[in-house]
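File shown here: query-v4.txt, holding compact mmCIF, C-alpha atoms.
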# COMPACT_ATOMS: atom_id res chain seq x y z
CA ASP A 257 0.00 0.00 0.00
CA HIS A 258 3.10 2.27 0.11
CA VAL A 259 6.02 2.84 -2.27
CA ILE A 260 8.99 5.20 -2.45
CA ILE A 261 9.96 6.53 -5.89
CA SER A 262 13.18 8.45 -6.51
CA ILE A 263 15.12 10.38 -9.15
CA GLU A 264 18.83 9.53 -9.45
CA HIS A 265 21.70 11.06 -11.42
CA PHE A 266 23.24 8.70 -13.99
CA LYS A 267 26.67 9.18 -12.35
CA MET A 268 25.26 8.24 -8.94
CA PRO A 269 22.71 5.53 -9.79
CA TYR A 270 22.20 4.34 -6.21
CA VAL A 271 21.93 7.74 -4.53
CA PRO A 272 18.47 9.30 -4.82
CA LEU A 273 18.54 13.06 -5.39
CA VAL A 274 14.87 13.47 -4.53
CA TYR A 275 12.24 10.95 -3.54
CA VAL A 276 8.52 10.90 -2.90
CA GLU A 277 6.58 8.63 -0.59
CA VAL A 278 3.29 7.36 -2.02
CA ALA A 279 0.27 5.70 -0.42
CA PHE A 280 -2.38 3.90 -2.48
CA SER A 281 -6.02 4.25 -1.54
CA LYS A 282 -9.61 3.99 -2.66
CA GLY A 283 -10.45 7.66 -3.12
CA LEU A 284 -8.73 10.59 -1.43
CA LEU A 285 -7.00 10.26 1.92
CA ARG A 286 -7.77 13.41 3.90
CA LYS A 287 -5.97 12.71 7.18
CA ILE A 288 -2.28 11.95 7.64
CA THR A 289 -3.19 9.56 10.46
CA ARG A 290 -4.80 7.31 7.84
CA ILE A 291 -1.31 6.85 6.38
CA LEU A 292 1.14 7.01 9.28
CA ARG A 293 -0.65 5.67 12.33
CA GLU A 294 -0.02 2.14 13.53
CA PRO A 295 -1.86 -0.12 13.13
CA ARG A 296 -3.32 1.36 9.97
CA ARG A 297 -6.12 0.22 7.72
CA VAL A 298 -4.44 -1.16 4.60
CA THR A 299 -5.96 -0.88 1.13
CA SER A 300 -4.93 -3.60 -1.29
CA LEU A 301 -3.08 -2.25 -4.31
CA HIS A 302 -5.57 -4.08 -6.52
CA GLU A 303 -8.49 -2.25 -4.86
CA ALA A 304 -6.87 1.19 -4.99
CA ASP A 305 -7.63 3.83 -7.60
CA THR A 306 -5.68 6.78 -6.17
CA ALA A 307 -2.00 7.53 -5.52
CA ILE A 308 -1.42 9.96 -2.65
CA PHE A 309 1.96 11.74 -2.56
CA TYR A 310 2.43 12.61 1.10
CA SER A 311 6.14 13.30 1.58
CA LEU A 312 8.58 14.89 -0.88
CA ASN A 313 12.22 14.99 0.17
CA THR A 314 15.71 15.74 -1.13
CA THR A 315 18.76 13.93 0.19
CA MET A 316 21.09 16.83 -0.53
CA PRO A 317 20.54 20.27 1.06
CA GLY A 318 22.21 21.97 -1.89
CA LEU A 319 19.37 20.85 -4.14
CA GLU A 320 16.70 22.69 -2.18
CA GLY A 321 14.98 25.24 -4.35
CA ILE A 322 15.80 23.36 -7.58
CA ALA A 323 12.66 22.28 -9.45
CA LEU A 324 13.29 18.57 -8.99
CA GLY A 325 10.22 18.25 -6.80
CA ALA A 326 7.87 19.16 -9.63
CA LYS A 327 9.63 16.75 -11.95
CA MET A 328 9.51 14.06 -9.27
CA ILE A 329 5.73 14.18 -8.93
CA VAL A 330 5.15 14.17 -12.69
CA LYS A 331 7.62 11.32 -13.27
CA ALA A 332 6.21 9.34 -10.35
CA SER A 333 2.68 9.76 -11.71
CA GLU A 334 3.79 8.55 -15.15
CA TYR A 335 5.57 5.56 -13.62
CA ILE A 336 2.58 4.56 -11.49
CA ALA A 337 0.16 4.97 -14.42
CA ARG A 338 2.39 2.75 -16.53
CA MET A 339 2.95 0.06 -13.90
CA TYR A 340 -0.52 0.17 -12.34
CA PRO A 341 -3.00 1.32 -15.02
CA HIS A 342 -5.96 0.96 -12.65
CA ILE A 343 -4.53 3.90 -10.63
CA THR A 344 -6.21 6.81 -12.39
CA HIS A 345 -6.20 9.59 -9.77
CA PHE A 346 -3.15 11.39 -8.39
CA ALA A 347 -3.11 13.77 -5.45
CA THR A 348 -1.01 15.00 -2.57
CA LEU A 349 -1.80 15.25 1.12
CA SER A 350 0.12 18.39 1.95
CA PRO A 351 0.85 20.55 4.99
CA ILE A 352 0.06 24.27 5.24
CA PRO A 353 3.17 25.28 7.19
CA GLY A 354 2.57 29.02 7.46
CA PHE A 355 -1.12 29.05 8.27
CA ARG A 356 -0.95 29.33 12.05
CA ASP A 357 1.52 32.23 11.96
CA TYR A 358 -0.62 33.93 9.31
CA LEU A 359 -3.92 33.66 11.19
CA THR A 360 -2.30 34.60 14.48
CA ALA A 361 -0.91 37.75 12.84
CA VAL A 362 -4.27 38.62 11.24
CA LEU A 363 -6.14 38.19 14.52
CA GLY A 364 -3.46 40.33 16.17
CA GLY A 365 -4.31 43.22 13.86
CA ALA A 366 -1.74 42.83 11.07
CA SER A 367 -2.63 44.93 8.03
CA LYS A 368 -0.18 43.52 5.47
CA TYR A 369 -2.54 40.77 4.31
CA SER A 370 -5.70 40.78 2.25
CA LEU A 371 -7.59 39.29 5.19
CA THR A 372 -8.06 41.60 8.16
CA VAL A 373 -9.87 41.57 11.48
CA ARG A 374 -12.42 43.87 9.92
CA LYS A 375 -13.18 41.39 7.12
CA ILE A 376 -13.43 38.49 9.56
CA ASN A 377 -15.88 40.40 11.73
CA ALA A 378 -17.88 41.71 8.78
CA ASN A 379 -18.34 38.04 7.82
CA LYS A 380 -20.08 39.09 4.62
CA HIS A 381 -22.78 36.62 3.54
CA GLY A 382 -21.75 34.32 6.39
CA ARG A 383 -18.47 33.61 4.65
CA PHE A 384 -16.61 32.46 7.75
CA ILE A 385 -19.44 31.40 10.06
CA SER A 386 -23.24 31.34 10.10
CA THR A 387 -25.34 32.88 12.86
CA ALA A 388 -26.30 29.43 14.15
CA GLN A 389 -22.67 28.25 14.08
CA MET A 390 -21.56 31.36 15.96
CA GLN A 391 -24.19 30.77 18.62
CA ALA A 392 -23.10 27.13 18.95
CA LEU A 393 -19.46 28.21 19.32
CA GLN A 394 -20.38 30.73 22.01
CA ARG A 395 -22.36 28.09 23.89
CA GLU A 396 -19.35 25.78 23.86
CA LEU A 397 -17.30 28.60 25.36
CA GLY A 398 -19.84 29.07 28.12
CA ASP A 399 -21.19 32.37 26.83
CA ARG A 400 -24.94 31.90 26.84
CA GLY A 401 -25.78 35.59 27.00
CA ALA A 402 -27.58 37.49 24.28
CA GLU A 403 -24.70 39.90 23.68
CA THR A 404 -23.32 39.80 20.17
CA VAL A 405 -19.55 39.43 20.04
CA SER A 406 -17.18 39.59 17.09
CA LEU A 407 -15.80 36.45 15.52
CA SER A 408 -12.20 37.64 15.92
CA SER A 409 -12.70 38.23 19.66
CA VAL A 410 -13.82 34.61 19.98
CA LEU A 411 -11.15 33.07 17.75
CA LYS A 412 -8.10 34.91 19.10
CA PRO A 413 -8.12 33.64 22.73
CA LEU A 414 -9.47 30.25 21.71
CA LEU A 415 -6.67 29.54 19.23
CA GLU A 416 -4.06 30.70 21.74
CA ASN A 417 -5.14 27.73 23.88
CA ASN A 418 -3.30 24.76 22.38
CA SER A 419 -5.73 22.24 23.84
CA TRP A 420 -8.98 23.64 22.38
CA HIS A 421 -9.23 20.78 19.88
CA THR A 422 -9.35 18.17 22.63
CA THR A 423 -12.84 19.36 23.64
CA PRO A 424 -15.31 17.57 21.30
CA GLY A 425 -17.82 20.43 21.20
CA LEU A 426 -15.20 23.04 20.35
CA ARG A 427 -13.60 20.75 17.82
CA LYS A 428 -16.94 20.42 16.03
CA ALA A 429 -17.79 24.13 16.27
CA MET A 430 -14.45 25.23 14.84
CA ARG A 431 -14.64 23.11 11.68
CA TYR A 432 -16.41 25.66 9.48
CA PRO A 433 -14.59 28.88 10.43
CA LEU A 434 -11.12 27.31 10.30
CA THR A 435 -11.85 25.58 6.99
CA GLU A 436 -13.17 28.76 5.38
CA ILE A 437 -10.33 30.93 6.65
CA THR A 438 -7.90 28.31 5.33
CA ARG A 439 -9.67 28.43 1.97
CA TYR A 440 -9.23 32.22 1.92
CA TYR A 441 -5.54 31.89 2.78
CA LEU A 442 -4.85 29.33 0.05
CA THR A 443 -6.83 30.97 -2.73
CA ARG A 444 -6.78 34.72 -2.00
CA GLU A 445 -3.56 35.61 -0.23
CA LYS A 446 -0.76 36.54 -2.66
CA ARG A 447 2.91 37.35 -2.36
CA THR A 448 3.92 41.01 -2.55
CA ASP A 449 6.86 42.12 -4.65
CA PRO A 450 9.40 43.58 -2.18
CA LYS A 451 10.40 46.35 -4.60
CA SER A 452 7.18 47.42 -6.27
CA LYS A 453 4.96 46.46 -3.31
CA GLU A 454 2.47 45.09 -5.81
CA ARG A 455 0.73 41.76 -5.33
CA SER A 456 1.92 39.01 -7.65
CA PHE A 457 0.01 36.00 -8.98
CA ALA A 458 1.92 33.70 -6.64
CA ALA A 459 0.13 32.25 -3.63
CA LEU A 460 1.50 33.42 -0.28
CA ASP A 461 1.72 29.86 1.00
CA PRO A 462 4.91 28.30 -0.43
CA VAL A 463 3.49 24.78 -0.69
CA THR A 464 0.40 26.07 -2.50
CA ASN A 465 2.55 28.07 -4.89
CA PHE A 466 4.73 25.03 -5.58
CA HIS A 467 1.83 22.75 -6.51
CA LEU A 468 -0.22 25.31 -8.43
CA SER A 469 2.89 26.31 -10.39
CA ASN A 470 3.17 22.64 -11.35
CA GLY A 471 -0.37 22.61 -12.75
CA ALA A 472 -2.18 21.06 -9.80
CA SER A 473 -5.51 22.31 -8.49
CA VAL A 474 -6.67 22.78 -4.91
CA GLY A 475 -8.75 19.78 -3.90
CA SER A 476 -10.11 19.02 -0.47
CA ILE A 477 -9.29 21.34 2.46
CA ASN A 478 -9.06 18.99 5.42
CA TYR A 479 -9.94 19.94 8.98
CA MET A 480 -8.02 18.21 11.80
CA ALA A 481 -6.06 16.24 9.23
CA ASN A 482 -2.90 16.40 11.35
CA PRO A 483 -3.78 16.82 15.05
CA THR A 484 -0.22 16.05 16.18
CA ALA A 485 1.77 18.66 18.10
CA ARG A 486 3.60 19.61 14.91
CA GLY A 487 0.43 19.80 12.86
CA MET A 488 -1.27 22.03 15.40
CA SER A 489 1.78 24.30 15.72
CA GLU A 490 2.04 24.75 11.93
CA SER A 491 -1.55 24.97 10.79
CA PHE A 492 -4.05 24.23 13.59
CA GLY A 493 -4.15 20.69 12.14
CA MET A 494 -5.23 21.75 8.64
CA MET A 495 -3.98 19.97 5.50
CA VAL A 496 -4.95 20.06 1.83
CA ASN A 497 -5.14 17.69 -1.12
CA TYR A 498 -3.69 19.05 -4.36
CA LEU A 499 -4.99 17.22 -7.43
CA TYR A 500 -2.74 16.29 -10.36
CA ASP A 501 -4.74 15.68 -13.53
CA GLY A 502 -2.27 14.99 -16.32
CA SER A 503 -4.62 16.30 -19.02
CA MET A 504 -5.05 19.64 -17.22
CA LEU A 505 -1.54 20.44 -15.99
CA GLU A 506 -0.50 22.83 -18.77
CA LYS A 507 -3.86 24.59 -18.85
CA ASN A 508 -3.80 24.98 -15.06
CA LYS A 509 -0.29 26.46 -15.20
CA ARG A 510 -1.44 29.11 -17.66
CA ARG A 511 -4.49 29.92 -15.56
CA TYR A 512 -2.37 30.23 -12.44
CA ARG A 513 0.12 32.55 -14.15
CA ALA A 514 -2.86 34.66 -15.21
CA GLY A 515 -3.81 35.09 -11.55
CA GLU A 516 -6.44 32.37 -11.19
CA VAL A 517 -6.30 29.73 -8.48
CA VAL A 518 -7.81 26.54 -9.87
CA SER A 519 -9.89 24.96 -7.13
CA ARG A 520 -12.19 21.95 -7.09
CA CYS A 521 -13.29 22.30 -3.48
As structure tokens, what does this structure read like?
Amino acid sequence: DHVIISIEHFKMPYVPLVYVEVAFSKGLLRKITRILREPRRVTSLHEADTAIFYSLNTTMPGLEGIALGAKMIVKASEYIARMYPHITHFATLSPIPGFRDYLTAVLGGASKYSLTVRKINANKHGRFISTAQMQALQRELGDRGAETVSLSSVLKPLLENNSWHTTPGLRKAMRYPLTEITRYYLTREKRTDPKSKERSFAALDPVTNFHLSNGASVGSINYMANPTARGMSESFGMMVNYLYDGSMLEKNKRRYRAGEVVSRC
């Protein structure tokens, strides 16, 4: 149910330059615990229809930043499709390493991002939370009064408490707002050119930019996909599936360079 595929230089045939770890599944895997926990539920390779790339690594620090990662995923997909023709879907299960720092800064009043406290609290058309969901969240926090409070004033102290997700009610109530703020971060936040101060087409999140530059699309945004200490410290447990459709890669690259984030979620 797992394989490791590598790229090697012809002068060093037994030393992988970059390698990707792949899990096979029936449909998307949306939680890293489905792959790494022991004991895990194993899907037979013959039953699988999806290859999930969940870890991309280089063995040589000097190669970081070189576009071998993009080539690795494409070559691995081609290899799997050739060796296992019943595998027809290819996706990643990827971290969102900067999300916690980003949201913490926004809730702290940072003005350098597209998202601001004002936008969160305006919550136009219930973008980040519905009235009923907000009331449920307040009840979980013990605030049963009729006073209306802002979403940011609820989120900021709650997310500073690293154990909030261990309370089942809070864990359920936070699904929608965290998922929707993550969606905003992945699809709307852009890098700013340090010289011109103008926003570029490139996604602020480096992992998102990497995959979308390769022609992938944003697939499922996954709540509590990595509830480990590391996952919570990086992204409040959020992860994302990027989808690699071989027939759409070039078109998606052009759309991304034109400023569009291709999303199927």
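A straight line drawn from atom CA of A:Thr464 to atom CA of A:Phe384 is 20.9 Å long.
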For atom CA of A:Asn470 and atom CA of A:Glu490, quote the distance in Å rounded to one decimal. 23.4 Å
Option closest in space to A:Asp305, from A:Ala332, A:Ile343, A:Val405, A:Ala279 [counting all atoms listed in the file]: A:Ile343
Show me as number ranges by chain the residues that reach within 12 Å of (1.7, 41.2, -0.4), counting all atoms listed in the file and using the file's own coordinates. A: 367-371, 444-461
Contact residues around A:Arg439 with only C-alpha atoms at 12 Å, ignoring same-chain residues under 3 positions, as a PyMOL selection string: chain A and resi 352+355+371+383-384+432-436+442-445+459+461+464+474-479+494-496+517+519-521
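As for atom CA of A:Pro351 and atom CA of A:Gln394, they are spaced 29.1 Å apart.
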Give me the residues within 10 Å of A:Leu468 as a ChimeraX atom specification, counting all atoms listed in the file and dropping any in the same chain fewer than 3 places off. /A:458-459,462-465,471-474,498-500,505,508-509,511-513,516-519
Between A:Arg486, A:Arg510, A:Lys380, A:His302, which is the closest to A:Tyr340 once you count only C-alpha atoms? A:His302
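Comparing the minimum interatomic distances between A:Trp420 and each of A:Gly515, A:Pro353, A:Pro483, A:Asp501, counting all atoms listed in the file, we find that A:Pro483 sits nearest.
In terms of minimum interatomic distance to A:Ser300, A:Lys282 ranks closest within A:Arg427, A:Lys375, A:Lys282, A:Arg338, counting all atoms listed in the file.
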